[in-house]
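A.B. asks: Provided below: target.txt, containing compact mmCIF, C-alpha atoms and all ligand atoms.
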```txt
# COMPACT_ATOMS: atom_id res chain seq x y z
CA MET A 12 96.74 63.91 105.54
CA LYS A 13 97.60 66.78 103.18
CA ALA A 14 97.24 70.56 103.28
CA GLY A 15 97.98 73.47 101.03
CA PHE A 16 97.44 77.11 100.17
CA ILE A 17 95.43 77.94 97.07
CA ALA A 18 95.20 81.51 95.73
CA VAL A 19 91.97 82.25 93.86
CA VAL A 20 92.63 85.11 91.45
CA GLY A 21 90.95 86.72 88.48
CA ARG A 22 89.66 90.03 87.27
CA PRO A 23 86.96 91.75 89.33
CA ASN A 24 83.47 90.26 89.49
CA VAL A 25 84.25 86.79 88.09
CA GLY A 26 82.91 85.11 91.27
CA LYS A 27 85.98 84.46 93.46
CA SER A 28 84.31 85.32 96.76
CA THR A 29 81.10 83.47 95.91
CA LEU A 30 83.15 80.35 95.15
CA ILE A 31 85.09 80.48 98.41
CA ASN A 32 81.93 81.00 100.49
CA LYS A 33 80.40 77.98 98.77
CA LEU A 34 83.51 75.82 99.26
CA VAL A 35 83.77 76.47 102.98
CA ALA A 36 79.97 76.60 103.41
CA GLU A 37 80.26 79.76 105.49
CA LYS A 38 80.04 83.44 104.68
CA VAL A 39 83.71 84.37 104.69
CA ALA A 40 83.79 87.06 102.03
CA ILE A 41 81.25 89.69 101.08
CA VAL A 42 79.74 89.48 97.60
CA SER A 43 78.06 91.99 95.30
CA ASP A 44 77.38 92.56 91.62
CA LYS A 45 79.82 95.51 91.66
CA ALA A 46 83.37 95.00 90.42
CA GLY A 47 85.90 95.64 93.16
CA THR A 48 83.99 94.22 96.13
CA THR A 49 86.90 92.42 97.81
CA ARG A 50 89.67 94.74 99.03
CA ASP A 51 91.95 92.37 100.99
CA ASN A 52 93.09 88.77 100.89
CA ILE A 53 90.92 86.56 103.10
CA LYS A 54 91.43 82.90 103.93
CA GLY A 55 88.61 80.37 103.67
CA ILE A 56 89.63 77.03 105.19
CA LEU A 57 88.03 73.75 104.13
CA ASN A 58 88.65 70.41 105.85
CA PHE A 59 87.59 67.75 103.38
CA GLY A 60 88.27 64.10 104.16
CA GLU A 61 91.77 63.99 105.57
CA ASN A 62 92.81 67.11 103.71
CA GLN A 63 92.91 70.79 104.52
CA TYR A 64 92.41 73.24 101.64
CA ILE A 65 93.32 76.83 102.52
CA PHE A 66 91.76 79.06 99.87
CA ILE A 67 92.81 82.68 99.65
CA ASP A 68 90.19 85.02 98.27
CA THR A 69 91.87 88.00 96.62
CA PRO A 70 90.77 91.37 95.27
CA GLY A 71 90.12 91.42 91.50
CA ILE A 72 93.34 92.17 89.61
CA HIS A 73 92.98 95.36 87.54
CA LYS A 74 94.93 98.42 86.42
CA PRO A 75 94.61 100.68 89.47
CA LYS A 76 93.46 104.29 89.26
CA HIS A 77 94.21 105.26 92.86
CA LEU A 78 96.11 104.06 95.92
CA LEU A 79 93.29 101.85 97.18
CA GLY A 80 93.23 100.06 93.80
CA GLU A 81 96.98 99.67 94.03
CA HIS A 82 96.67 98.05 97.44
CA MET A 83 93.98 95.69 96.09
CA THR A 84 95.86 94.56 92.99
CA ASN A 85 99.18 94.28 94.85
CA SER A 86 97.59 92.09 97.56
CA ALA A 87 96.41 89.62 94.92
CA ILE A 88 99.69 89.60 92.98
CA LYS A 89 101.94 89.33 96.04
CA ILE A 90 100.28 86.15 97.29
CA LEU A 91 100.92 84.27 94.03
CA ARG A 92 104.50 83.42 94.96
CA ASP A 93 103.59 82.09 98.40
CA VAL A 94 100.97 79.47 97.57
CA ASP A 95 101.07 75.83 96.48
CA VAL A 96 98.74 76.33 93.52
CA ILE A 97 96.92 79.16 91.76
CA VAL A 98 93.27 78.99 90.71
CA PHE A 99 92.77 81.46 87.86
CA LEU A 100 89.03 82.09 87.69
CA LEU A 101 87.31 83.26 84.48
CA ASP A 102 83.74 84.39 83.96
CA GLY A 103 82.75 81.91 81.25
CA THR A 104 79.83 84.04 80.08
CA GLN A 105 82.21 86.73 78.86
CA GLY A 106 84.88 86.68 76.17
CA ILE A 107 88.49 86.55 77.31
CA SER A 108 89.41 90.21 77.69
CA THR A 109 92.53 92.33 78.02
CA GLY A 110 91.67 92.25 81.74
CA ASP A 111 92.02 88.45 81.79
CA LYS A 112 95.27 88.68 79.83
CA PHE A 113 96.56 91.18 82.41
CA VAL A 114 95.76 88.64 85.15
CA MET A 115 97.54 85.94 83.11
CA GLU A 116 100.68 88.11 82.92
CA LYS A 117 100.71 88.34 86.71
CA VAL A 118 100.05 84.62 87.12
CA MET A 119 102.95 83.85 84.78
CA GLY A 120 105.11 86.15 86.92
CA ALA A 121 104.90 83.56 89.72
CA LYS A 122 106.93 81.20 87.56
CA ALA A 123 107.13 77.96 89.53
CA THR A 124 103.61 78.00 90.97
CA PRO A 125 101.27 75.48 89.29
CA ARG A 126 98.11 77.02 87.78
CA ILE A 127 94.61 75.66 87.27
CA LEU A 128 92.21 77.50 84.98
CA VAL A 129 88.64 77.45 86.26
CA VAL A 130 85.75 78.58 84.06
CA ASN A 131 82.98 79.89 86.32
CA LYS A 132 79.27 80.69 85.87
CA ILE A 133 78.58 77.63 83.67
CA ASP A 134 74.97 77.72 84.92
CA LYS A 135 74.60 80.42 82.26
CA MET A 136 76.45 78.59 79.46
CA SER A 137 75.44 75.99 76.85
CA ASP A 138 77.52 72.87 76.09
CA GLU A 139 78.54 74.41 72.79
CA GLU A 140 79.79 77.55 74.52
CA LEU A 141 81.83 75.39 76.90
CA VAL A 142 83.63 73.68 74.03
CA LEU A 143 84.37 77.03 72.37
CA LYS A 144 85.64 78.42 75.66
CA ARG A 145 88.31 75.69 75.95
CA LYS A 146 89.51 76.62 72.45
CA GLU A 147 89.54 80.34 73.29
CA ILE A 148 91.53 79.66 76.48
CA LYS A 149 94.18 77.75 74.58
CA GLU A 150 94.48 80.46 71.93
CA LYS A 151 94.41 83.53 74.16
CA LEU A 152 95.89 82.42 77.50
CA GLY A 153 98.02 79.34 76.84
CA GLU A 154 98.58 76.12 78.77
CA PHE A 155 97.58 75.25 82.33
CA ASP A 156 98.19 72.37 84.74
CA GLY A 157 94.46 71.69 84.58
CA ILE A 158 91.25 73.23 83.24
CA ILE A 159 87.77 72.70 84.66
CA GLU A 160 84.31 74.23 84.45
CA ILE A 161 82.19 75.09 87.50
CA SER A 162 79.42 77.24 88.88
CA GLY A 163 80.39 78.64 92.25
CA GLN A 164 76.94 80.00 92.91
CA TYR A 165 75.16 76.73 92.18
CA ALA A 166 77.93 74.48 93.57
CA LEU A 167 78.47 72.65 90.27
CA GLY A 168 81.83 70.97 89.75
CA LEU A 169 83.22 71.77 93.20
CA HIS A 170 84.21 68.16 93.96
CA LYS A 171 86.04 68.02 90.66
CA LEU A 172 87.83 71.21 91.62
CA LEU A 173 88.93 69.70 94.96
CA ASN A 174 90.16 66.58 93.16
CA ILE A 175 92.17 68.55 90.66
CA LEU A 176 93.79 70.58 93.46
CA GLU A 177 94.57 67.62 95.73
CA PRO A 178 97.88 66.58 94.09
CA PHE A 179 99.27 70.06 94.80
CA LEU A 180 98.75 69.86 98.57
CA GLU A 181 101.71 69.03 100.82
CA GLU A 182 101.86 65.69 102.64
CA GLY A 183 101.70 65.24 106.37
CA ILE A 184 100.65 68.63 107.67
CA LYS A 185 97.71 70.68 108.82
CA PHE A 186 97.98 74.43 109.32
CA TYR A 187 94.77 75.28 111.16
CA PRO A 188 92.51 73.63 113.74
CA ASP A 189 89.53 71.73 112.30
CA ASP A 190 86.90 74.19 113.52
CA MET A 191 88.58 77.28 112.03
CA TYR A 192 87.14 78.35 108.66
CA THR A 193 88.64 81.82 108.28
CA ASP A 194 91.41 84.07 109.58
CA MET A 195 89.14 87.11 109.61
CA PRO A 196 89.15 88.96 112.94
CA MET A 197 85.77 89.88 114.43
CA TYR A 198 86.16 93.60 113.75
CA ARG A 199 86.49 92.87 110.03
CA VAL A 200 83.45 90.61 110.02
CA ILE A 201 81.55 93.64 111.32
CA THR A 202 82.96 96.32 109.01
CA GLU A 203 82.67 94.07 105.94
CA ALA A 204 79.01 93.27 106.70
CA VAL A 205 78.23 97.00 106.77
CA ARG A 206 80.16 97.56 103.54
CA GLU A 207 78.31 94.73 101.80
CA LYS A 208 74.90 96.19 102.61
CA ILE A 209 76.02 99.55 101.17
CA LEU A 210 77.46 97.91 98.03
CA GLN A 211 74.23 96.02 97.43
CA ARG A 212 72.16 99.22 97.64
CA THR A 213 74.23 101.80 95.80
CA ARG A 214 75.57 102.40 92.31
CA GLU A 215 78.32 104.05 90.28
CA GLU A 216 81.07 105.60 92.41
CA ILE A 217 79.48 105.07 95.83
CA PRO A 218 80.34 101.36 96.26
CA HIS A 219 83.99 102.22 95.63
CA SER A 220 83.97 105.34 97.80
CA VAL A 221 83.02 103.80 101.16
CA ALA A 222 85.32 102.81 103.98
CA ILE A 223 84.09 101.48 107.30
CA GLU A 224 85.65 101.92 110.75
CA ILE A 225 84.57 100.84 114.22
CA ILE A 226 85.13 103.93 116.37
CA ASN A 227 83.84 102.72 119.72
CA VAL A 228 82.67 99.52 121.38
CA LYS A 229 80.67 99.58 124.57
CA LYS A 230 80.71 96.17 126.27
CA ARG A 231 77.57 95.59 128.29
CA PRO A 232 77.78 92.41 130.39
CA ASN A 233 74.00 92.27 130.92
CA GLY A 234 72.92 93.56 127.54
CA LYS A 235 73.88 93.83 123.92
CA ASP A 236 77.35 95.21 123.10
CA LYS A 237 77.09 98.53 121.27
CA PHE A 238 79.24 99.30 118.24
CA ASP A 239 79.64 102.83 116.91
CA ILE A 240 80.69 102.72 113.29
CA ASN A 241 81.81 105.41 110.86
CA ILE A 242 80.95 105.10 107.20
CA TYR A 243 83.34 107.29 105.22
CA VAL A 244 82.42 108.59 101.78
CA GLU A 245 84.23 111.00 99.47
CA ARG A 246 81.53 113.61 98.74
CA ASP A 247 78.64 115.38 100.49
CA SER A 248 76.25 114.12 97.80
CA GLN A 249 77.25 110.52 98.60
CA LYS A 250 76.57 111.14 102.27
CA GLY A 251 73.04 112.24 101.41
CA ILE A 252 72.40 109.11 99.36
CA ILE A 253 73.62 106.76 102.08
CA ILE A 254 71.54 108.46 104.75
CA GLY A 255 68.48 108.49 102.45
CA LYS A 256 65.15 110.18 102.89
CA ASN A 257 64.56 110.74 106.61
CA GLY A 258 67.45 108.37 107.30
CA ALA A 259 65.61 105.42 105.71
CA MET A 260 68.58 104.05 103.75
CA LEU A 261 70.97 104.19 106.70
CA LYS A 262 68.41 102.44 108.87
CA GLU A 263 68.00 99.65 106.31
CA ILE A 264 71.78 99.22 106.02
CA GLY A 265 72.07 99.01 109.81
CA THR A 266 69.24 96.51 110.21
CA GLU A 267 70.51 94.19 107.48
CA ALA A 268 74.14 94.38 108.60
CA ARG A 269 73.17 93.71 112.22
CA LYS A 270 71.28 90.54 111.24
CA ASP A 271 74.31 89.19 109.33
CA ILE A 272 76.75 90.07 112.11
CA GLN A 273 74.58 88.41 114.75
CA THR A 274 74.49 85.21 112.70
CA LEU A 275 78.22 85.31 112.13
CA ILE A 276 79.33 86.05 115.68
CA GLY A 277 76.49 84.21 117.40
CA LYS A 278 75.21 86.97 119.68
CA GLU A 279 72.95 90.00 119.60
CA ILE A 280 74.49 93.44 119.18
CA TYR A 281 73.48 97.05 118.77
CA LEU A 282 74.83 99.06 115.82
CA GLN A 283 75.01 102.82 115.56
CA LEU A 284 76.07 104.09 112.13
CA TRP A 285 77.49 107.55 111.35
CA VAL A 286 78.29 108.92 107.87
CA LYS A 287 81.37 111.13 107.44
CA VAL A 288 82.94 112.81 104.40
CA LYS A 289 86.70 112.43 103.75
CA ASP A 290 87.55 114.05 100.43
CA ASP A 291 89.32 111.71 98.00
CA TRP A 292 90.33 109.30 100.76
CA ARG A 293 91.19 106.58 98.23
CA LYS A 294 94.18 108.67 97.13
CA LYS A 295 95.47 109.45 100.64
CA LYS A 296 98.08 107.14 102.06
CA PRO A 297 97.76 108.02 105.79
CA PHE A 298 93.98 107.52 105.76
CA LEU A 299 94.31 104.25 103.83
CA LYS A 300 96.78 103.04 106.43
CA GLU A 301 94.39 103.99 109.20
CA MET A 302 91.72 101.88 107.49
CA GLY A 303 94.12 98.92 107.38
CA TYR A 304 94.86 99.17 103.65
CA HIS A 305 98.61 98.93 103.19
CA ILE A 306 99.93 100.09 99.87
CA ASP A 307 103.63 99.39 100.24
CA LYS A 308 104.71 96.78 97.74
CA ASP A 309 106.59 94.55 100.22
N1 LIG B 1 75.31 83.09 87.31
C1 LIG B 1 76.30 83.07 88.18
N2 LIG B 1 76.66 84.20 88.84
C2 LIG B 1 77.67 84.14 89.72
C3 LIG B 1 78.39 82.94 89.96
N3 LIG B 1 79.36 83.20 90.88
C4 LIG B 1 79.24 84.51 91.19
N4 LIG B 1 78.22 85.09 90.51
C5 LIG B 1 77.79 86.50 90.59
O1 LIG B 1 78.85 87.32 90.14
C6 LIG B 1 78.89 88.55 90.87
C7 LIG B 1 80.27 88.78 91.46
O2 LIG B 1 80.51 87.81 92.47
P1 LIG B 1 81.70 87.95 93.52
O3 LIG B 1 81.83 86.63 94.19
O4 LIG B 1 81.52 89.16 94.37
O5 LIG B 1 82.92 88.18 92.51
P2 LIG B 1 84.46 88.48 92.86
O6 LIG B 1 85.27 87.83 91.79
O7 LIG B 1 84.76 88.11 94.26
O8 LIG B 1 84.50 90.06 92.67
P3 LIG B 1 85.58 91.14 93.27
O9 LIG B 1 85.66 90.93 94.74
O10 LIG B 1 84.94 92.44 92.89
O11 LIG B 1 86.86 90.91 92.55
C8 LIG B 1 77.78 88.46 91.92
O12 LIG B 1 76.65 89.14 91.42
C9 LIG B 1 77.54 86.96 92.02
O13 LIG B 1 76.22 86.65 92.43
C10 LIG B 1 78.00 81.75 89.26
O14 LIG B 1 78.53 80.66 89.41
N5 LIG B 1 76.95 81.89 88.38
MG MG B 2 85.40 89.22 95.83
```
I'd like the structure from this file rewritten - as structure tokens, please.
C.D. replies:
Amino acid sequence: MKAGFIAVVGRPNVGKSTLINKLVAEKVAIVSDKAGTTRDNIKGILNFGENQYIFIDTPGIHKPKHLLGEHMTNSAIKILRDVDVIVFLLDGTQGISTGDKFVMEKVMGAKATPRILVVNKIDKMSDEELVLKRKEIKEKLGEFDGIIEISGQYALGLHKLLNILEPFLEEGIKFYPDDMYTDMPMYRVITEAVREKILQRTREEIPHSVAIEIINVKKRPNGKDKFDINIYVERDSQKGIIIGKNGAMLKEIGTEARKDIQTLIGKEIYLQLWVKVKDDWRKKKPFLKEMGYHIDKD
């Protein structure tokens, strides 16, 4: 019996959350094609054979432009020192960028922690590209304790990944009960589901400008519990887009989010969504704190 903590880090959009959902075979983290989807560390726990793998999904590491970005990048960097092994995920379909080198700097900052380089999205790569990628990694990033190629989305190479991580787990312990696959509280399952539906339907600044808060819960013993939820945006124009023509967009977001939440929590609920404007909230510390985003470094 072995167990260990594994931080999955990389620049935004490389597929960290998709990989963790696939590994634990549950929807732990929300996913979208927009960079900057994940805003907090989330654990995805996998019991495989006798072993317990505790994966930590992290926000994409980037150079922040506001306090929310600072919280996101700091969350990812801070966890590096506290894990047994680091998985540094690359998008194999793209060249190694200054963004990846920035991640590497942070990974190297956690000196003693072993690091595995994982090339993702190989479903879109040829064999020749894979060989060239190994060369590029060596030249631009340096040496690792292991390198492997996978596709998180198509579950290719995941057993190999578990095998390569196994030696870094600690002997003789288990940290979580067998039926627990995440540490996410129910309220976050709900707010993240709403945020995902907005991210999947909007573009440009909007995905980055939304924050979600449950403002009221009405428990109804003989009916569905009712959740009132605020969607905060930064501008009036964004509010209009999220509400949509005759409220069509907001309705769609609510319907889709409700379906996901019901599956995740195993019971029917009623969702009421409200859209509110909070100017430049991503730069305002008290509001960020209220939303559960902590920007203090330690
Ligand atoms: N082709 C392909 N696409 C993938 C794969 N894994 C993830 N994607 C896509 O990549 C995009 C980003 O995926 P996420 O899992 O949200 O990426 P992330 O690294 O968690 O992103 P942030 O939370 O923004 O840092 C989505 O559109 C995924 O569908 C893969 O193995 N192959
Ligand atoms: Mg993510």
A.B. asks: Would you mind listing, for every residue of range 107-211 of chain A within 7 Å of range 89-94 of chain A, the two atoms forming the shortest contact and the distance between them in Å to one decimal, using only C-alpha atoms, sorted by chain and ascending residue number, as a Markdown table?
C.D. replies:
```
| residue | atom | partner | partner_atom | distance |
| --- | --- | --- | --- | --- |
| A:Val118 | CA | A:Leu91 | CA | 7.0 |
| A:Ala121 | CA | A:Arg92 | CA | 5.3 |
| A:Thr124 | CA | A:Arg92 | CA | 6.8 |
```
A.B. asks: Near Gln164 in chain A, within 8 Å and counting all atoms listed in the file, which residues show up once chain neighbours fewer than 5 positions away are dropped, as a tab-separated table (two decimals) with C-alpha atoms, in the coordinates of the input?
C.D. replies:
```tsv
chain	number	residue	atom	x	y	z
A	29	THR	CA	81.10	83.47	95.91
A	30	LEU	CA	83.15	80.35	95.15
A	33	LYS	CA	80.40	77.98	98.77
A	132	LYS	CA	79.27	80.69	85.87
```
A.B. asks: Against ligand LIG 1 (chain B), which residues of chain A fall within 10 Å? For each one I want the closest pair of atoms and the distance in Å (one decimal), counting all atoms listed in the file, rows by chain and increasing residue number, as CSV.
C.D. replies:
```
residue,atom,partner,partner_atom,distance
A:Val19,CA,B:LIG1,O6,9.0
A:Val20,CA,B:LIG1,O6,7.9
A:Gly21,CA,B:LIG1,O6,6.7
A:Arg22,CA,B:LIG1,O11,6.0
A:Pro23,CA,B:LIG1,O11,3.3
A:Asn24,CA,B:LIG1,O8,3.3
A:Val25,CA,B:LIG1,O6,4.0
A:Gly26,CA,B:LIG1,O5,3.3
A:Lys27,CA,B:LIG1,O6,3.8
A:Ser28,CA,B:LIG1,O7,3.8
A:Thr29,CA,B:LIG1,O3,3.7
A:Leu30,CA,B:LIG1,N3,6.4
A:Ile31,CA,B:LIG1,O3,8.1
A:Asn32,CA,B:LIG1,O3,8.4
A:Lys33,CA,B:LIG1,N3,9.5
A:Ala40,CA,B:LIG1,O7,7.9
A:Ile41,CA,B:LIG1,O4,6.7
A:Val42,CA,B:LIG1,O4,3.7
A:Ser43,CA,B:LIG1,O4,4.6
A:Asp44,CA,B:LIG1,O12,3.5
A:Lys45,CA,B:LIG1,O10,6.1
A:Ala46,CA,B:LIG1,O10,3.9
A:Gly47,CA,B:LIG1,O10,3.4
A:Thr48,CA,B:LIG1,O10,3.8
A:Thr49,CA,B:LIG1,O9,3.6
A:Arg50,CA,B:LIG1,O9,7.0
A:Asp51,CA,B:LIG1,O9,9.0
A:Asn52,CA,B:LIG1,O9,9.9
A:Asp68,CA,B:LIG1,O7,7.4
A:Thr69,CA,B:LIG1,O11,7.1
A:Pro70,CA,B:LIG1,O11,4.8
A:Gly71,CA,B:LIG1,O11,3.5
A:Ile72,CA,B:LIG1,O11,7.2
A:His73,CA,B:LIG1,O11,9.1
A:Met83,CA,B:LIG1,O11,9.3
A:Thr84,CA,B:LIG1,O11,9.7
A:Ala87,CA,B:LIG1,O11,9.9
A:Leu100,CA,B:LIG1,O6,8.0
A:Leu101,CA,B:LIG1,O6,8.9
A:Asp102,CA,B:LIG1,C3,8.2
A:Gly103,CA,B:LIG1,N5,9.2
A:Thr104,CA,B:LIG1,N1,8.6
A:Val130,CA,B:LIG1,O14,9.2
A:Asn131,CA,B:LIG1,O14,5.5
A:Lys132,CA,B:LIG1,O14,3.6
A:Ile133,CA,B:LIG1,O14,6.5
A:Asp134,CA,B:LIG1,N5,5.8
A:Lys135,CA,B:LIG1,N1,5.8
A:Met136,CA,B:LIG1,N1,9.1
A:Glu160,CA,B:LIG1,O14,10.0
A:Ile161,CA,B:LIG1,O14,6.9
A:Ser162,CA,B:LIG1,O14,3.6
A:Gly163,CA,B:LIG1,O14,4.0
A:Gln164,CA,B:LIG1,O14,3.9
A:Tyr165,CA,B:LIG1,O14,5.9
A:Ala166,CA,B:LIG1,O14,7.5
A:Leu167,CA,B:LIG1,O14,8.1
A:Glu207,CA,B:LIG1,O4,9.8
A:Gln211,CA,B:LIG1,O12,9.5
```
A.B. asks: Between CA of Leu128 in chain A and CA of Asn58 in chain A, what distance in Å does the model show, to one decimal?
C.D. replies: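 CA of Asn58 in chain A lies at a distance of 22.3 Å from CA of Leu128 in chain A.
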A.B. asks: Please compute the CA of Lys230 in chain A-CA of Gln273 in chain A distance, one decimal, in Å.
C.D. replies: 15.2 Å
A.B. asks: Report the distance between CA of Val205 in chain A and CA of Ile242 in chain A in Å, rounded to one decimal place.
C.D. replies: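 Pair CA of Val205 in chain A / CA of Ile242 in chain A returns 8.6 Å.
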A.B. asks: Mind working out the centre and edge lengths of an axis-aligned box for range 261-267 of chain A, all listed atoms inside, 3 Å added to each side, rounded to one decimal in Å and written as lines of an AutoDock Vina configuration file?
C.D. replies:
```
center_x = 70.0
center_y = 99.2
center_z = 108.1
size_x = 10.1
size_y = 16.0
size_z = 10.2
```
A.B. asks: Got a sec: who's within 12 Å of Gly153 in chain A, counting all atoms listed in the file, leaving out chain neighbours fewer than 6 positions off, as a ChimeraX atom specification?
C.D. replies: /A:107,111-112,115-116,118-119,126-128,145-147
A.B. asks: Closest to ligand MG 2 (chain B) among A:Leu169, A:Ala36, A:Ile67, A:Val114, using all atoms listed in the file?
C.D. replies: A:Ile67
A.B. asks: Between A:Tyr304, A:Phe16, A:Tyr192, A:Phe113, which one has atoms that come closest to Leu78 in chain A, using only C-alpha atoms?
C.D. replies: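 The closest residue to Leu78 in chain A is A:Tyr304.
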A.B. asks: Pick the closest to Ile148 in chain A from A:Asn174, A:Gln283, A:Asn233, A:Ser108: which is it, counting all atoms listed in the file?
C.D. replies: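 Of the candidates, the smallest distance to Ile148 in chain A is held by A:Ser108.
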A.B. asks: Residues at most 9 Å from Val35 in chain A, counting all atoms listed in the file, excluding those fewer than 6 positions away in the same chain, as a list in words?
C.D. replies: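 These residues fall inside the cut-off: Gly55, Ile56, Leu57, Asn58, Phe66, Tyr192 and Thr193 of chain A.
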A.B. asks: Go through A:Glu81, A:Glu203, A:Glu139, A:Glu61 and flag the residue nearest ligand MG 2 (chain B), using only C-alpha atoms and all ligand atoms for the distances.
C.D. replies: A:Glu203
A.B. asks: Identify which of the residues A:Val244, A:Ile276, A:Val96, A:Val129 lies closest to Leu180 in chain A, counting only C-alpha atoms when measuring atom-to-atom distances.
C.D. replies: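 Ranking A:Val244, A:Ile276, A:Val96, A:Val129 by distance to Leu180 in chain A, first place goes to A:Val96.
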A.B. asks: Find, counting all atoms listed in the file, the residue in A:Asn62, A:Lys289, A:Glu267, A:Leu210 that gets nearest to ligand MG 2 (chain B).
C.D. replies: A:Leu210
A.B. asks: What would the list of residues within 10 Å of (97.9, 73.8, 107.3) (file frame) look like as a PyMOL selection string, if all atoms listed in the file are what count?
C.D. replies: chain A and resi 13-16+56+58+62-65+180-181+183-189
A.B. asks: Those selected residues, please, written with C-alpha atoms and delivered as a PDB file, keeping the file's coordinate frame.
C.D. replies:
```pdb
ATOM      1  CA  LYS A  13      97.600  66.780 103.180  1.00  0.00           C
ATOM      2  CA  ALA A  14      97.240  70.560 103.280  1.00  0.00           C
ATOM      3  CA  GLY A  15      97.980  73.470 101.030  1.00  0.00           C
ATOM      4  CA  PHE A  16      97.440  77.110 100.170  1.00  0.00           C
ATOM      5  CA  ILE A  56      89.630  77.030 105.190  1.00  0.00           C
ATOM      6  CA  ASN A  58      88.650  70.410 105.850  1.00  0.00           C
ATOM      7  CA  ASN A  62      92.810  67.110 103.710  1.00  0.00           C
ATOM      8  CA  GLN A  63      92.910  70.790 104.520  1.00  0.00           C
ATOM      9  CA  TYR A  64      92.410  73.240 101.640  1.00  0.00           C
ATOM     10  CA  ILE A  65      93.320  76.830 102.520  1.00  0.00           C
ATOM     11  CA  LEU A 180      98.750  69.860  98.570  1.00  0.00           C
ATOM     12  CA  GLU A 181     101.710  69.030 100.820  1.00  0.00           C
ATOM     13  CA  GLY A 183     101.700  65.240 106.370  1.00  0.00           C
ATOM     14  CA  ILE A 184     100.650  68.630 107.670  1.00  0.00           C
ATOM     15  CA  LYS A 185      97.710  70.680 108.820  1.00  0.00           C
ATOM     16  CA  PHE A 186      97.980  74.430 109.320  1.00  0.00           C
ATOM     17  CA  TYR A 187      94.770  75.280 111.160  1.00  0.00           C
ATOM     18  CA  PRO A 188      92.510  73.630 113.740  1.00  0.00           C
ATOM     19  CA  ASP A 189      89.530  71.730 112.300  1.00  0.00           C
TER      20      ASP A 189
END
```
A.B. asks: Could you list, as a ChimeraX atom specification, every residue within 9 Å of Tyr281 in chain A, counting all atoms listed in the file and ignoring same-chain residues fewer than 6 positions away?
C.D. replies: /A:235-239,269
A.B. asks: N, CA and C atoms are what I want for range 239-252 of chain A; can you complete it accordingly and write them as a PDB file, in the frame of the given file?
C.D. replies:
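Output contents, as saved in part-v4.pdb:
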```
ATOM      1  N   ASP A 239      79.766 101.608 117.701  1.00  0.00           N
ATOM      2  CA  ASP A 239      79.640 102.830 116.910  1.00  0.00           C
ATOM      3  C   ASP A 239      80.541 102.708 115.699  1.00  0.00           C
ATOM      4  N   ILE A 240      79.958 102.952 114.537  1.00  0.00           N
ATOM      5  CA  ILE A 240      80.690 102.720 113.290  1.00  0.00           C
ATOM      6  C   ILE A 240      80.627 103.928 112.374  1.00  0.00           C
ATOM      7  N   ASN A 241      81.777 104.334 111.861  1.00  0.00           N
ATOM      8  CA  ASN A 241      81.810 105.410 110.860  1.00  0.00           C
ATOM      9  C   ASN A 241      81.784 104.828 109.468  1.00  0.00           C
ATOM     10  N   ILE A 242      80.940 105.411 108.636  1.00  0.00           N
ATOM     11  CA  ILE A 242      80.950 105.100 107.200  1.00  0.00           C
ATOM     12  C   ILE A 242      81.561 106.322 106.513  1.00  0.00           C
ATOM     13  N   TYR A 243      82.724 106.163 105.909  1.00  0.00           N
ATOM     14  CA  TYR A 243      83.340 107.290 105.220  1.00  0.00           C
ATOM     15  C   TYR A 243      82.967 107.266 103.752  1.00  0.00           C
ATOM     16  N   VAL A 244      82.633 108.442 103.225  1.00  0.00           N
ATOM     17  CA  VAL A 244      82.420 108.590 101.780  1.00  0.00           C
ATOM     18  C   VAL A 244      83.297 109.748 101.311  1.00  0.00           C
ATOM     19  N   GLU A 245      83.322 109.978  99.994  1.00  0.00           N
ATOM     20  CA  GLU A 245      84.230 111.000  99.470  1.00  0.00           C
ATOM     21  C   GLU A 245      83.569 112.356  99.190  1.00  0.00           C
ATOM     22  N   ARG A 246      82.244 112.369  99.119  1.00  0.00           N
ATOM     23  CA  ARG A 246      81.530 113.610  98.740  1.00  0.00           C
ATOM     24  C   ARG A 246      80.294 113.793  99.604  1.00  0.00           C
ATOM     25  N   ASP A 247      79.868 115.078  99.759  1.00  0.00           N
ATOM     26  CA  ASP A 247      78.640 115.380 100.490  1.00  0.00           C
ATOM     27  C   ASP A 247      77.424 114.717  99.858  1.00  0.00           C
ATOM     28  N   SER A 248      77.405 114.703  98.503  1.00  0.00           N
ATOM     29  CA  SER A 248      76.250 114.120  97.800  1.00  0.00           C
ATOM     30  C   SER A 248      76.134 112.627  98.122  1.00  0.00           C
ATOM     31  N   GLN A 249      77.280 111.958  98.280  1.00  0.00           N
ATOM     32  CA  GLN A 249      77.250 110.520  98.600  1.00  0.00           C
ATOM     33  C   GLN A 249      76.714 110.313 100.009  1.00  0.00           C
ATOM     34  N   LYS A 250      77.058 111.227 100.894  1.00  0.00           N
ATOM     35  CA  LYS A 250      76.570 111.140 102.270  1.00  0.00           C
ATOM     36  C   LYS A 250      75.039 111.175 102.286  1.00  0.00           C
ATOM     37  N   GLY A 251      74.495 112.103 101.497  1.00  0.00           N
ATOM     38  CA  GLY A 251      73.040 112.240 101.410  1.00  0.00           C
ATOM     39  C   GLY A 251      72.386 110.959 100.927  1.00  0.00           C
ATOM     40  N   ILE A 252      72.986 110.335  99.930  1.00  0.00           N
ATOM     41  CA  ILE A 252      72.400 109.110  99.360  1.00  0.00           C
ATOM     42  C   ILE A 252      72.420 107.976 100.383  1.00  0.00           C
TER      43      ILE A 252
END
```
